[in-house]
Amino acid sequence: MTAFAPVLRKLVVAAAALLAVAAAPSPAHATPEPKAPEEFVALRDVDPTIIQEMRYITPHNFVGEPIDGYKKPMCILTEPAAKALHKAQRALLRKGYSLKVYDCYRPQRAVDHFVRWAKDLRDERMKEEFYPLVDKSRLFADGYIAEKSGHSRGSTVDLTVVKLPAAPTRPYVPGEPLTPCYGPRSERFPDNSVDMGTGFDCFDTLSHTDDPRVTKQQRAHRDLLRGALAKEGFVNLPEEWWHFTHKPELFPDTYFDFPVSRRSLSGHGSWHTSD
């Protein structure tokens, strides 16, 4: 071994160390979350009397787990849609009822979560409640799941009517026995909503707003909701008694992906009703 060998070995080790440092990935920089355009508002700032039971931040939904993009249990909508809900709420309050929202603006990442779940035919943990009569392989073909949602445009809302004074709805316990969403009200998961004939997000034809099989009282409740919202420019999706879109939409062709959180609205000025 020559006198230069130890020196050469040190040089090789040092060079290897330098190469390893150079090849190591640099620390990841967190990409800032997108913000909501200034035309979006928190519904609670516009009308704090409307009840909010935001389902997709909880595991009580057809997927069975909290959905991507929901960071706070809050309803965000475009300002015209929120203002129109406020007007509908005033009319319902005079009759002894309140609106209750289940879902409002929905990030595109949440829709992507639904799509991934729908493609996994093995995951049927919530089937007994939300789609007992529908084969999961049919969810796309039957229109229950799609790769785009009007909710992501900000003017669509899922909601119901509650008789006042509103009793609290007990929380869902993951793993508890499930019952069909289309069953009699006494057998469905408890909800302080008036009886609409099915639960929210029930993948069944009985959810069609004008399905002839609902009782007279259930029809009256659906008509109460539809009538109050129609007066303020909302159009119902015929396949879902709970689904309404305010027209004309402020963003008819844009699908947003900012998360549901107060931070998404940071920098917005306060919004107050004028009456």
# chains A, B, ... in the order shown; residues from 1 in each chain; ligands from 1

call {"tool": "closest_atom_pairs", "arguments": {"of": "region 79-197 of chain A", "to": "region 45-61 of chain A", "cutoff": "8 Å", "atoms": "only C-alpha atoms", "output": "Markdown table"}}
result
| residue | atom | partner | partner_atom | distance |
| --- | --- | --- | --- | --- |
| A:Ala82 | CA | A:Val46 | CA | 6.6 |
| A:Lys83 | CA | A:Val46 | CA | 6.8 |
| A:His86 | CA | A:Asp47 | CA | 5.7 |
| A:Gln89 | CA | A:Ile50 | CA | 7.0 |
| A:Ser98 | CA | A:Ile50 | CA | 6.3 |
| A:Leu99 | CA | A:Ile50 | CA | 5.5 |
| A:Lys100 | CA | A:Ile51 | CA | 4.4 |
| A:Val101 | CA | A:Gln52 | CA | 5.0 |
| A:Tyr102 | CA | A:Met54 | CA | 4.7 |
| A:Asp103 | CA | A:Met54 | CA | 5.7 |
| A:Met126 | CA | A:Asn61 | CA | 7.6 |
| A:Phe130 | CA | A:Asn61 | CA | 7.8 |
| A:Tyr172 | CA | A:His60 | CA | 6.1 |
| A:Pro174 | CA | A:Pro59 | CA | 6.9 |

call {"tool": "write_last_selection", "arguments": {"atoms": "N, CA and C atoms", "output": "JSON list (two decimals), in the first residue's frame"}}
result
[["chain", "number", "residue", "atom", "x", "y", "z"],
["A", 82, "ALA", "N", -76.07, 32.85, -0.71],
["A", 82, "ALA", "CA", -76.24, 33.01, 0.73],
["A", 82, "ALA", "C", -77.33, 34.03, 1.04],
["A", 83, "LYS", "N", -77.34, 35.13, 0.30],
["A", 83, "LYS", "CA", -78.35, 36.17, 0.51],
["A", 83, "LYS", "C", -79.75, 35.63, 0.22],
["A", 86, "HIS", "N", -80.93, 33.52, 3.04],
["A", 86, "HIS", "CA", -81.36, 34.39, 4.14],
["A", 86, "HIS", "C", -82.81, 34.82, 3.94],
["A", 89, "GLN", "N", -85.10, 31.89, 4.53],
["A", 89, "GLN", "CA", -85.14, 31.60, 5.96],
["A", 89, "GLN", "C", -86.11, 32.54, 6.68],
["A", 98, "SER", "N", -87.21, 26.28, 10.20],
["A", 98, "SER", "CA", -85.87, 26.78, 9.86],
["A", 98, "SER", "C", -85.27, 25.91, 8.78],
["A", 99, "LEU", "N", -84.44, 26.52, 7.96],
["A", 99, "LEU", "CA", -83.62, 25.75, 7.04],
["A", 99, "LEU", "C", -82.49, 25.07, 7.81],
["A", 100, "LYS", "N", -82.05, 23.92, 7.31],
["A", 100, "LYS", "CA", -80.85, 23.27, 7.82],
["A", 100, "LYS", "C", -80.02, 22.79, 6.63],
["A", 101, "VAL", "N", -78.77, 23.21, 6.57],
["A", 101, "VAL", "CA", -77.90, 22.83, 5.46],
["A", 101, "VAL", "C", -77.04, 21.62, 5.84],
["A", 102, "TYR", "N", -76.89, 20.71, 4.88],
["A", 102, "TYR", "CA", -76.01, 19.55, 5.03],
["A", 102, "TYR", "C", -74.68, 19.74, 4.30],
["A", 103, "ASP", "N", -74.74, 20.41, 3.14],
["A", 103, "ASP", "CA", -73.52, 20.65, 2.36],
["A", 103, "ASP", "C", -73.75, 21.88, 1.50],
["A", 126, "MET", "N", -70.99, 1.59, 4.25],
["A", 126, "MET", "CA", -72.19, 2.38, 4.52],
["A", 126, "MET", "C", -73.36, 2.01, 3.60],
["A", 130, "PHE", "N", -77.12, 4.08, 2.97],
["A", 130, "PHE", "CA", -77.21, 5.07, 1.91],
["A", 130, "PHE", "C", -77.53, 4.53, 0.51],
["A", 172, "TYR", "N", -73.66, 10.53, 15.04],
["A", 172, "TYR", "CA", -73.48, 9.17, 14.53],
["A", 172, "TYR", "C", -72.27, 8.54, 15.21],
["A", 174, "PRO", "N", -69.52, 5.76, 14.64],
["A", 174, "PRO", "CA", -68.97, 4.84, 13.63],
["A", 174, "PRO", "C", -69.06, 3.39, 14.08]]

call {"tool": "residues_around", "arguments": {"residues": "Phe256 (chain A)", "least_positions_apart": "6", "cutoff": "8 Å", "atoms": "only C-alpha atoms", "output": "compact mmCIF listing (two decimals) with C-alpha atoms, in the first residue's frame"}}
result
# COMPACT_ATOMS: atom_id res chain seq x y z
CA PRO A 107 -64.01 21.44 -3.08
CA GLN A 108 -63.01 19.50 -6.18
CA SER A 152 -67.83 23.12 -6.54
CA ARG A 153 -69.12 26.22 -8.35
CA GLY A 154 -70.38 27.64 -5.07

call {"tool": "residues_around", "arguments": {"residues": "Asp253 (chain A)", "least_positions_apart": "4", "cutoff": "12 Å", "atoms": "only C-alpha atoms", "output": "compact mmCIF listing (two decimals) with all heavy atoms, in the first residue's frame"}}
result
# COMPACT_ATOMS: atom_id res chain seq x y z
N LYS A 148 -67.49 15.68 -11.67
CA LYS A 148 -67.66 17.11 -11.42
C LYS A 148 -68.98 17.30 -10.67
O LYS A 148 -69.94 16.55 -10.88
CB LYS A 148 -67.69 17.92 -12.71
CG LYS A 148 -66.39 17.91 -13.50
CD LYS A 148 -65.31 18.73 -12.79
CE LYS A 148 -64.04 18.81 -13.63
NZ LYS A 148 -62.97 19.58 -12.94
N SER A 149 -69.02 18.33 -9.83
CA SER A 149 -70.24 18.62 -9.07
C SER A 149 -70.55 20.10 -9.12
O SER A 149 -69.64 20.95 -9.00
CB SER A 149 -70.08 18.19 -7.61
OG SER A 149 -71.14 18.70 -6.82
N GLY A 150 -71.83 20.43 -9.27
CA GLY A 150 -72.24 21.82 -9.23
C GLY A 150 -71.89 22.48 -7.90
O GLY A 150 -71.71 23.70 -7.83
N HIS A 151 -71.78 21.68 -6.85
CA HIS A 151 -71.41 22.24 -5.55
C HIS A 151 -70.07 22.97 -5.61
O HIS A 151 -69.85 23.94 -4.87
CB HIS A 151 -71.31 21.13 -4.51
CG HIS A 151 -72.62 20.64 -3.99
ND1 HIS A 151 -73.27 21.23 -2.92
CD2 HIS A 151 -73.41 19.61 -4.38
CE1 HIS A 151 -74.40 20.58 -2.67
NE2 HIS A 151 -74.51 19.59 -3.55
N SER A 152 -69.16 22.51 -6.46
CA SER A 152 -67.83 23.12 -6.54
C SER A 152 -67.86 24.50 -7.18
O SER A 152 -66.85 25.22 -7.15
CB SER A 152 -66.88 22.19 -7.32
OG SER A 152 -66.79 20.93 -6.70
N ARG A 153 -68.99 24.88 -7.77
CA ARG A 153 -69.12 26.22 -8.35
C ARG A 153 -69.61 27.24 -7.33
O ARG A 153 -69.60 28.43 -7.59
CB ARG A 153 -70.05 26.17 -9.56
CG ARG A 153 -69.60 25.19 -10.65
CD ARG A 153 -70.32 25.42 -11.95
NE ARG A 153 -71.74 25.12 -11.88
CZ ARG A 153 -72.32 23.98 -12.26
NH1 ARG A 153 -71.56 23.00 -12.74
NH2 ARG A 153 -73.62 23.81 -12.18
N GLY A 154 -70.10 26.75 -6.18
CA GLY A 154 -70.38 27.64 -5.07
C GLY A 154 -71.80 28.12 -4.89
O GLY A 154 -72.08 28.82 -3.91
N SER A 155 -72.72 27.76 -5.79
CA SER A 155 -74.09 28.25 -5.67
C SER A 155 -75.10 27.13 -5.44
O SER A 155 -76.31 27.36 -5.53
CB SER A 155 -74.48 29.04 -6.93
OG SER A 155 -73.69 30.20 -7.05
N PRO A 248 -79.25 33.07 -11.57
CA PRO A 248 -78.12 32.59 -12.37
C PRO A 248 -76.89 32.39 -11.50
O PRO A 248 -76.66 33.13 -10.55
CB PRO A 248 -77.91 33.70 -13.39
CG PRO A 248 -78.38 34.94 -12.69
CD PRO A 248 -79.53 34.50 -11.82
N GLU A 249 -76.11 31.36 -11.82
CA GLU A 249 -74.92 31.07 -11.04
C GLU A 249 -73.85 32.14 -11.27
O GLU A 249 -73.65 32.62 -12.39
CB GLU A 249 -74.34 29.71 -11.42
CG GLU A 249 -75.17 28.53 -10.95
CD GLU A 249 -74.48 27.21 -11.20
OE1 GLU A 249 -73.45 26.94 -10.55
OE2 GLU A 249 -74.96 26.44 -12.04

call {"tool": "select_by_dssp", "arguments": {"residues": "region 11-156 of chain A", "states": "helix (DSSP H, G or I)", "output": "PyMOL selection string"}}
result
chain A and resi 11-23+43-46+55-57+79-93+108-119+127-130+136-138+150-153

call {"tool": "write_last_selection", "arguments": {"atoms": "C-alpha atoms", "output": "mmCIF file, in the first residue's frame"}}
result
data_model
loop_
_atom_site.group_PDB
_atom_site.id
_atom_site.type_symbol
_atom_site.label_atom_id
_atom_site.label_comp_id
_atom_site.auth_asym_id
_atom_site.auth_seq_id
_atom_site.Cartn_x
_atom_site.Cartn_y
_atom_site.Cartn_z
ATOM 1 C CA LEU A 11 -10.745 12.052 -0.832
ATOM 2 C CA VAL A 12 -13.054 9.350 -2.200
ATOM 3 C CA VAL A 13 -15.149 9.321 0.990
ATOM 4 C CA ALA A 14 -15.386 13.116 0.992
ATOM 5 C CA ALA A 15 -16.398 13.178 -2.662
ATOM 6 C CA ALA A 16 -19.064 10.533 -2.038
ATOM 7 C CA ALA A 17 -20.428 12.554 0.864
ATOM 8 C CA LEU A 18 -20.603 15.678 -1.288
ATOM 9 C CA LEU A 19 -22.431 13.776 -4.022
ATOM 10 C CA ALA A 20 -24.922 12.396 -1.483
ATOM 11 C CA VAL A 21 -25.660 15.885 -0.183
ATOM 12 C CA ALA A 22 -26.089 17.202 -3.712
ATOM 13 C CA ALA A 23 -28.429 14.351 -4.622
ATOM 14 C CA LEU A 43 -73.345 31.493 5.493
ATOM 15 C CA ARG A 44 -73.196 32.050 9.250
ATOM 16 C CA ASP A 45 -72.044 35.628 8.625
ATOM 17 C CA VAL A 46 -75.072 36.230 6.413
ATOM 18 C CA ARG A 55 -72.120 15.948 7.008
ATOM 19 C CA TYR A 56 -68.918 15.550 5.007
ATOM 20 C CA ILE A 57 -66.564 16.605 7.788
ATOM 21 C CA GLU A 79 -72.813 35.821 -1.827
ATOM 22 C CA PRO A 80 -75.983 35.812 -3.989
ATOM 23 C CA ALA A 81 -76.808 32.238 -2.950
ATOM 24 C CA ALA A 82 -76.240 33.007 0.734
ATOM 25 C CA LYS A 83 -78.354 36.166 0.508
ATOM 26 C CA ALA A 84 -81.154 34.220 -1.173
ATOM 27 C CA LEU A 85 -81.066 31.590 1.595
ATOM 28 C CA HIS A 86 -81.356 34.389 4.140
ATOM 29 C CA LYS A 87 -84.552 35.612 2.466
ATOM 30 C CA ALA A 88 -86.002 32.099 2.307
ATOM 31 C CA GLN A 89 -85.141 31.599 5.959
ATOM 32 C CA ARG A 90 -87.022 34.751 6.998
ATOM 33 C CA ALA A 91 -90.159 33.447 5.303
ATOM 34 C CA LEU A 92 -89.839 30.011 6.919
ATOM 35 C CA LEU A 93 -89.173 31.426 10.378
ATOM 36 C CA GLN A 108 -63.013 19.498 -6.184
ATOM 37 C CA ARG A 109 -60.732 17.363 -3.994
ATOM 38 C CA ALA A 110 -63.850 16.191 -2.134
ATOM 39 C CA VAL A 111 -65.457 15.172 -5.418
ATOM 40 C CA ASP A 112 -62.239 13.324 -6.297
ATOM 41 C CA HIS A 113 -62.526 11.509 -2.952
ATOM 42 C CA PHE A 114 -66.053 10.395 -3.875
ATOM 43 C CA VAL A 115 -64.820 9.135 -7.247
ATOM 44 C CA ARG A 116 -61.970 7.113 -5.716
ATOM 45 C CA TRP A 117 -64.380 5.585 -3.231
ATOM 46 C CA ALA A 118 -66.925 4.712 -5.922
ATOM 47 C CA LYS A 119 -64.261 2.865 -7.922
ATOM 48 C CA LYS A 127 -74.253 0.507 1.932
ATOM 49 C CA GLU A 128 -77.007 -0.577 4.334
ATOM 50 C CA GLU A 129 -77.956 3.032 5.026
ATOM 51 C CA PHE A 130 -77.207 5.068 1.906
ATOM 52 C CA LYS A 136 -72.057 -0.026 -6.122
ATOM 53 C CA SER A 137 -70.798 -0.763 -9.630
ATOM 54 C CA ARG A 138 -73.807 1.227 -10.919
ATOM 55 C CA GLY A 150 -72.236 21.825 -9.227
ATOM 56 C CA HIS A 151 -71.407 22.239 -5.548
ATOM 57 C CA SER A 152 -67.830 23.117 -6.542
ATOM 58 C CA ARG A 153 -69.118 26.216 -8.352
#

call {"tool": "atom_distance", "arguments": {"atom1": "CA of Pro259 (chain A)", "atom2": "CA of Ile145 (chain A)"}}
result
20.3 Å

call {"tool": "atom_distance", "arguments": {"atom1": "CA of Gly64 (chain A)", "atom2": "CA of His243 (chain A)"}}
result
20.5 Å

call {"tool": "select_by_dssp", "arguments": {"residues": "region 113-269 of chain A", "states": "strand (DSSP E or B)", "output": "compact mmCIF listing (two decimals) with C-alpha atoms, in the first residue's frame"}}
result
# COMPACT_ATOMS: atom_id res chain seq x y z
CA THR A 156 -75.48 24.78 -4.91
CA VAL A 157 -76.66 23.67 -1.49
CA ASP A 158 -78.08 20.50 0.09
CA LEU A 159 -80.64 21.30 2.75
CA THR A 160 -83.87 20.47 4.52
CA VAL A 161 -86.49 22.04 6.83
CA VAL A 162 -86.65 21.71 10.62
CA LYS A 163 -89.71 22.40 12.77
CA SER A 193 -85.60 17.45 9.90
CA PHE A 234 -83.27 28.31 -6.43
CA VAL A 235 -83.86 25.44 -8.84
CA ASN A 236 -84.30 21.90 -7.52
CA HIS A 243 -80.41 19.62 -3.82
CA PHE A 244 -80.89 23.23 -5.01
CA THR A 245 -78.88 25.63 -7.18
CA HIS A 246 -79.25 29.39 -7.11
CA VAL A 260 -63.78 24.57 3.49

call {"tool": "atom_distance", "arguments": {"atom1": "CA of Lys35 (chain A)", "atom2": "CA of Ile67 (chain A)"}}
result
18.8 Å

call {"tool": "closest_residue", "arguments": {"among": "A:Trp242, A:Tyr255, A:Phe140, A:Phe189", "to": "Arg170 (chain A)", "atoms": "only C-alpha atoms"}}
result
A:Phe189
